[in-house]
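**Q** Quick one: the structure is below, questions incoming.
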Amino acid sequence: PMGVCPSAIMSLLRDNFTGVLHPWARPEVLTCTSWGAPIIWDGTFNPDIAQQVAGQQNLTIGLTVFAVGRYLEKYLARFLESAEQHFMVGQHVVYYVFTERPAAVPQVALGRGRRLRVERVVQERRWQDVSMARMRTLHAALGGRLGREAHFVFCMDVDQHFSNAFGPETLADSVAQLHAWHYRWPRWFLPYERDVRSAAALSRSEGDFYYHAAVFGGSVAALRRLTAHCTRGLQRDRALGLEARWHDESHLNKFFWLHKPAKVLSPEFCWSPEIGWRPEVHRPRLLWAPKEYALVRD
Ligand code: UDP
Ligand code: MN
């Protein structure tokens, strides 16, 4: 089958969380990368085994989300309520909400073993700056309490909600999300930063996949490296008066080109309903909210 390679089988057997694997269960899609990381699609992992393995390790999993300005009222409640239904159910979870208005964070009933912490951030003036400032804030948080209390962390956009189980099968040292709009595109056509002066630049012959900054994760140590790299790149660009095409996402893509992710999530894990029906998308885990930029951006 097209998607399966021997190194994938080896890395799948080594993978603690995916709960052994049936990469051949989805012969119509790519289920491993050229460097042997699993690309997990619905049906290629056993969620019950993943749950058991994670439970035995008594893990705490962090979930960070930023809700600044109008994004708070518009998206945060649904994001958190749906996470209670679907995100790492049965594990210890700590949510970190970053906002400029802690008092406005909605009260959400949390299940056992689940906590919510709110951290104040300053509100940047431009939405691009809010988005880019996340890398530096996350880096600091991972070096502080979040890093001490969580083993693995997912960092997500708030303008989406969970629609199906997003469990420990997604855990690995570093985890990248295939971008729903771009996973079928040829590499040279992907919307990477192309200005060679930018720290995020990739040439036409570089790049593996286009990853979505709305979902990335990994161990605390790996995420410290990722956020440090992106913060440095963003600062370097700013000093030159540059802003990469897709802001922090461009730098994230550069990082994952240089430091390959240990696990890749199929577009089923973060799907845009506006794309319409695709036969390979079985059970979307997260659904993007419709883009209502006029309402939430200045
Ligand atoms: N964000 C925010 N307030 C803003 C801009 C961005 O809270 O004014 C956060 C929010 O979590 C959002 C993320 O940054 O989901 C990325 O921005 P956005 O979702 O607008 O970017 P897109 O997904 O459209 O690229
Ligand atoms: Mn978004």
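Going by the structure tokens order, chains are called A, B, ..., each with residues numbered from 1, while ligands are numbered from 1 in the order shown.
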Among segment 27-150 of chain A, which ones does DSSP place in strand (DSSP E), written as a list in words?

**A** Ile39, Ile40, Thr60, Ile61, Gly62, Leu63, Thr64, Val65, Phe66, His92, Val93, Val94, Tyr95, Tyr96, Val97, Phe98, Thr99, Arg114, Arg115, Leu116, Arg117, Val118, Glu119 and Arg120 of chain A

**Q** Quick one: write out the picked residues with N, CA, C and O atoms as an mmCIF file, in the first residue's frame?

**A**
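What follows is the written file out_34.cif:
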data_model
loop_
_atom_site.group_PDB
_atom_site.id
_atom_site.type_symbol
_atom_site.label_atom_id
_atom_site.label_comp_id
_atom_site.auth_asym_id
_atom_site.auth_seq_id
_atom_site.Cartn_x
_atom_site.Cartn_y
_atom_site.Cartn_z
ATOM 1 N N ILE A 39 2.080 9.222 10.478
ATOM 2 C CA ILE A 39 1.051 10.236 10.230
ATOM 3 C C ILE A 39 -0.235 9.545 10.647
ATOM 4 O O ILE A 39 -0.644 8.563 10.024
ATOM 5 N N ILE A 40 -0.820 9.977 11.743
ATOM 6 C CA ILE A 40 -1.940 9.184 12.233
ATOM 7 C C ILE A 40 -3.265 9.637 11.623
ATOM 8 O O ILE A 40 -3.621 10.810 11.627
ATOM 9 N N THR A 60 0.284 14.182 33.032
ATOM 10 C CA THR A 60 -0.510 15.405 32.997
ATOM 11 C C THR A 60 -0.262 16.063 31.649
ATOM 12 O O THR A 60 0.886 16.219 31.225
ATOM 13 N N ILE A 61 -1.348 16.405 30.978
ATOM 14 C CA ILE A 61 -1.255 16.983 29.646
ATOM 15 C C ILE A 61 -1.767 18.416 29.693
ATOM 16 O O ILE A 61 -2.876 18.674 30.172
ATOM 17 N N GLY A 62 -0.958 19.329 29.231
ATOM 18 C CA GLY A 62 -1.335 20.742 29.203
ATOM 19 C C GLY A 62 -2.009 21.086 27.881
ATOM 20 O O GLY A 62 -1.716 20.486 26.847
ATOM 21 N N LEU A 63 -2.932 22.035 27.937
ATOM 22 C CA LEU A 63 -3.543 22.567 26.719
ATOM 23 C C LEU A 63 -3.542 24.080 26.841
ATOM 24 O O LEU A 63 -4.193 24.628 27.734
ATOM 25 N N THR A 64 -2.770 24.737 25.983
ATOM 26 C CA THR A 64 -2.702 26.198 26.051
ATOM 27 C C THR A 64 -3.559 26.812 24.961
ATOM 28 O O THR A 64 -3.674 26.274 23.852
ATOM 29 N N VAL A 65 -4.172 27.946 25.301
ATOM 30 C CA VAL A 65 -4.981 28.647 24.311
ATOM 31 C C VAL A 65 -4.962 30.133 24.646
ATOM 32 O O VAL A 65 -4.954 30.507 25.817
ATOM 33 N N PHE A 66 -4.910 30.951 23.615
ATOM 34 C CA PHE A 66 -4.936 32.405 23.795
ATOM 35 C C PHE A 66 -6.306 32.918 23.398
ATOM 36 O O PHE A 66 -6.846 32.506 22.364
ATOM 37 N N HIS A 92 -5.076 13.364 33.253
ATOM 38 C CA HIS A 92 -4.970 14.630 33.981
ATOM 39 C C HIS A 92 -4.704 15.729 32.959
ATOM 40 O O HIS A 92 -3.808 15.598 32.132
ATOM 41 N N VAL A 93 -5.488 16.771 33.055
ATOM 42 C CA VAL A 93 -5.365 17.861 32.077
ATOM 43 C C VAL A 93 -5.265 19.192 32.815
ATOM 44 O O VAL A 93 -5.952 19.407 33.814
ATOM 45 N N VAL A 94 -4.384 20.050 32.342
ATOM 46 C CA VAL A 94 -4.353 21.417 32.856
ATOM 47 C C VAL A 94 -4.456 22.379 31.672
ATOM 48 O O VAL A 94 -3.648 22.338 30.744
ATOM 49 N N TYR A 95 -5.532 23.177 31.691
ATOM 50 C CA TYR A 95 -5.714 24.201 30.660
ATOM 51 C C TYR A 95 -4.971 25.454 31.088
ATOM 52 O O TYR A 95 -5.026 25.834 32.269
ATOM 53 N N TYR A 96 -4.323 26.074 30.153
ATOM 54 C CA TYR A 96 -3.746 27.401 30.382
ATOM 55 C C TYR A 96 -4.391 28.364 29.405
ATOM 56 O O TYR A 96 -4.195 28.241 28.192
ATOM 57 N N VAL A 97 -5.185 29.293 29.942
ATOM 58 C CA VAL A 97 -5.817 30.317 29.116
ATOM 59 C C VAL A 97 -5.035 31.609 29.285
ATOM 60 O O VAL A 97 -4.836 32.073 30.409
ATOM 61 N N PHE A 98 -4.585 32.174 28.183
ATOM 62 C CA PHE A 98 -3.858 33.442 28.209
ATOM 63 C C PHE A 98 -4.773 34.535 27.666
ATOM 64 O O PHE A 98 -5.295 34.414 26.544
ATOM 65 N N THR A 99 -4.986 35.549 28.473
ATOM 66 C CA THR A 99 -5.887 36.631 28.074
ATOM 67 C C THR A 99 -5.489 37.921 28.767
ATOM 68 O O THR A 99 -4.790 37.880 29.787
ATOM 69 N N ARG A 114 -9.019 17.609 36.226
ATOM 70 C CA ARG A 114 -8.818 18.645 35.204
ATOM 71 C C ARG A 114 -8.858 20.018 35.870
ATOM 72 O O ARG A 114 -9.712 20.269 36.717
ATOM 73 N N ARG A 115 -7.903 20.859 35.522
ATOM 74 C CA ARG A 115 -7.766 22.186 36.127
ATOM 75 C C ARG A 115 -7.669 23.239 35.047
ATOM 76 O O ARG A 115 -7.271 22.947 33.920
ATOM 77 N N LEU A 116 -8.012 24.465 35.418
ATOM 78 C CA LEU A 116 -7.881 25.576 34.482
ATOM 79 C C LEU A 116 -7.110 26.698 35.154
ATOM 80 O O LEU A 116 -7.443 27.082 36.274
ATOM 81 N N ARG A 117 -6.072 27.152 34.484
ATOM 82 C CA ARG A 117 -5.321 28.293 35.006
ATOM 83 C C ARG A 117 -5.419 29.423 33.992
ATOM 84 O O ARG A 117 -5.412 29.188 32.782
ATOM 85 N N VAL A 118 -5.506 30.629 34.522
ATOM 86 C CA VAL A 118 -5.625 31.799 33.659
ATOM 87 C C VAL A 118 -4.396 32.666 33.868
ATOM 88 O O VAL A 118 -4.012 32.935 35.007
ATOM 89 N N GLU A 119 -3.760 33.056 32.795
ATOM 90 C CA GLU A 119 -2.564 33.899 32.877
ATOM 91 C C GLU A 119 -2.825 35.183 32.099
ATOM 92 O O GLU A 119 -3.368 35.147 30.994
ATOM 93 N N ARG A 120 -2.425 36.288 32.710
ATOM 94 C CA ARG A 120 -2.653 37.575 32.065
ATOM 95 C C ARG A 120 -1.546 37.873 31.051
ATOM 96 O O ARG A 120 -0.371 37.639 31.314
#

**Q** Against ligand 1, which residues of chain A fall within 7 Å? For each one I want the closest pair of atoms and the distance in Å (one decimal), counting only C-alpha atoms and all ligand atoms, rows by chain and increasing residue number, as JSON lines.

**A**
{"residue": "A:Val65", "atom": "CA", "partner": "ligand 1", "partner_atom_place_in_ligand_line": "11 (O)", "distance": 5.7}
{"residue": "A:Phe66", "atom": "CA", "partner": "ligand 1", "partner_atom_place_in_ligand_line": "11 (O)", "distance": 4.1}
{"residue": "A:Ala67", "atom": "CA", "partner": "ligand 1", "partner_atom_place_in_ligand_line": "7 (O)", "distance": 3.6}
{"residue": "A:Val68", "atom": "CA", "partner": "ligand 1", "partner_atom_place_in_ligand_line": "7 (O)", "distance": 3.6}
{"residue": "A:Gly69", "atom": "CA", "partner": "ligand 1", "partner_atom_place_in_ligand_line": "3 (N)", "distance": 5.3}
{"residue": "A:Arg70", "atom": "CA", "partner": "ligand 1", "partner_atom_place_in_ligand_line": "3 (N)", "distance": 6.7}
{"residue": "A:Tyr71", "atom": "CA", "partner": "ligand 1", "partner_atom_place_in_ligand_line": "7 (O)", "distance": 5.0}
{"residue": "A:Leu72", "atom": "CA", "partner": "ligand 1", "partner_atom_place_in_ligand_line": "7 (O)", "distance": 6.7}
{"residue": "A:Trp127", "atom": "CA", "partner": "ligand 1", "partner_atom_place_in_ligand_line": "5 (C)", "distance": 4.2}
{"residue": "A:Gln128", "atom": "CA", "partner": "ligand 1", "partner_atom_place_in_ligand_line": "5 (C)", "distance": 6.5}
{"residue": "A:Val130", "atom": "CA", "partner": "ligand 1", "partner_atom_place_in_ligand_line": "5 (C)", "distance": 5.0}
{"residue": "A:Ser131", "atom": "CA", "partner": "ligand 1", "partner_atom_place_in_ligand_line": "14 (O)", "distance": 4.3}
{"residue": "A:Met156", "atom": "CA", "partner": "ligand 1", "partner_atom_place_in_ligand_line": "11 (O)", "distance": 6.9}
{"residue": "A:Asp157", "atom": "CA", "partner": "ligand 1", "partner_atom_place_in_ligand_line": "15 (O)", "distance": 3.6}
{"residue": "A:Val158", "atom": "CA", "partner": "ligand 1", "partner_atom_place_in_ligand_line": "11 (O)", "distance": 4.1}
{"residue": "A:Asp159", "atom": "CA", "partner": "ligand 1", "partner_atom_place_in_ligand_line": "15 (O)", "distance": 4.6}
{"residue": "A:Ala214", "atom": "CA", "partner": "ligand 1", "partner_atom_place_in_ligand_line": "23 (O)", "distance": 6.3}
{"residue": "A:Lys291", "atom": "CA", "partner": "ligand 1", "partner_atom_place_in_ligand_line": "24 (O)", "distance": 6.8}
{"residue": "A:Val296", "atom": "CA", "partner": "ligand 1", "partner_atom_place_in_ligand_line": "8 (O)", "distance": 6.7}
{"residue": "A:Arg297", "atom": "CA", "partner": "ligand 1", "partner_atom_place_in_ligand_line": "8 (O)", "distance": 6.0}

**Q** Give the alpha helix (DSSP H) residues of segment 164-229 of chain A, as assigned by DSSP on the backbone, as a list in words.

**A**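 So, restricting segment 164-229 of chain A to alpha helix (DSSP H), we get Val220, Ala221, Ala222, Leu223, Arg224, Arg225, Leu226, Thr227, Ala228 and His229 of chain A.
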
**Q** Could you save the residues just selected, with N, CA and C atoms, as a PDB file, in the first residue's frame?

**A**
ATOM      1  N   VAL A 220       7.622  18.951  27.075  1.00  0.00           N
ATOM      2  CA  VAL A 220       7.985  20.295  27.505  1.00  0.00           C
ATOM      3  C   VAL A 220       9.343  20.692  26.919  1.00  0.00           C
ATOM      4  N   ALA A 221      10.316  19.779  26.957  1.00  0.00           N
ATOM      5  CA  ALA A 221      11.657  20.110  26.458  1.00  0.00           C
ATOM      6  C   ALA A 221      11.617  20.432  24.960  1.00  0.00           C
ATOM      7  N   ALA A 222      10.909  19.630  24.184  1.00  0.00           N
ATOM      8  CA  ALA A 222      10.843  19.869  22.735  1.00  0.00           C
ATOM      9  C   ALA A 222      10.132  21.188  22.440  1.00  0.00           C
ATOM     10  N   LEU A 223       9.091  21.473  23.192  1.00  0.00           N
ATOM     11  CA  LEU A 223       8.360  22.722  22.953  1.00  0.00           C
ATOM     12  C   LEU A 223       9.148  23.945  23.402  1.00  0.00           C
ATOM     13  N   ARG A 224      10.005  23.774  24.399  1.00  0.00           N
ATOM     14  CA  ARG A 224      10.907  24.877  24.771  1.00  0.00           C
ATOM     15  C   ARG A 224      11.814  25.207  23.595  1.00  0.00           C
ATOM     16  N   ARG A 225      12.345  24.166  22.923  1.00  0.00           N
ATOM     17  CA  ARG A 225      13.220  24.401  21.767  1.00  0.00           C
ATOM     18  C   ARG A 225      12.442  25.056  20.621  1.00  0.00           C
ATOM     19  N   LEU A 226      11.240  24.535  20.374  1.00  0.00           N
ATOM     20  CA  LEU A 226      10.412  25.068  19.284  1.00  0.00           C
ATOM     21  C   LEU A 226      10.090  26.544  19.514  1.00  0.00           C
ATOM     22  N   THR A 227       9.626  26.870  20.731  1.00  0.00           N
ATOM     23  CA  THR A 227       9.211  28.252  20.994  1.00  0.00           C
ATOM     24  C   THR A 227      10.422  29.183  21.037  1.00  0.00           C
ATOM     25  N   ALA A 228      11.565  28.683  21.476  1.00  0.00           N
ATOM     26  CA  ALA A 228      12.778  29.511  21.473  1.00  0.00           C
ATOM     27  C   ALA A 228      13.178  29.824  20.030  1.00  0.00           C
ATOM     28  N   HIS A 229      13.157  28.803  19.185  1.00  0.00           N
ATOM     29  CA  HIS A 229      13.521  28.986  17.778  1.00  0.00           C
ATOM     30  C   HIS A 229      12.604  30.013  17.110  1.00  0.00           C
TER      31      HIS A 229
END

**Q** Determine the nearest neighbour of ligand 2 from the options A:Glu84, A:Glu73, A:Glu249, A:Asp173, counting only C-alpha atoms and all ligand atoms.

**A**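 Under the stated criterion, the closest residue is A:Glu249.
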
**Q** Choose the residue, out of A:Arg197, A:Lys263, A:Arg126, A:Lys254, that has the smallest atom-to-atom separation from Arg236 of chain A; count only C-alpha atoms.

**A**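 Of A:Arg197, A:Lys263, A:Arg126, A:Lys254, the one nearest Arg236 of chain A, counting only C-alpha atoms, is A:Arg197.
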
**Q** My list of candidates is A:Ala289, A:Ala200, A:Ala83, A:Ala172. Which is closest to ligand 2 when distances are computed with only C-alpha atoms and all ligand atoms?

**A**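 Counting only C-alpha atoms and all ligand atoms, the residue closest to ligand 2 is A:Ala289.
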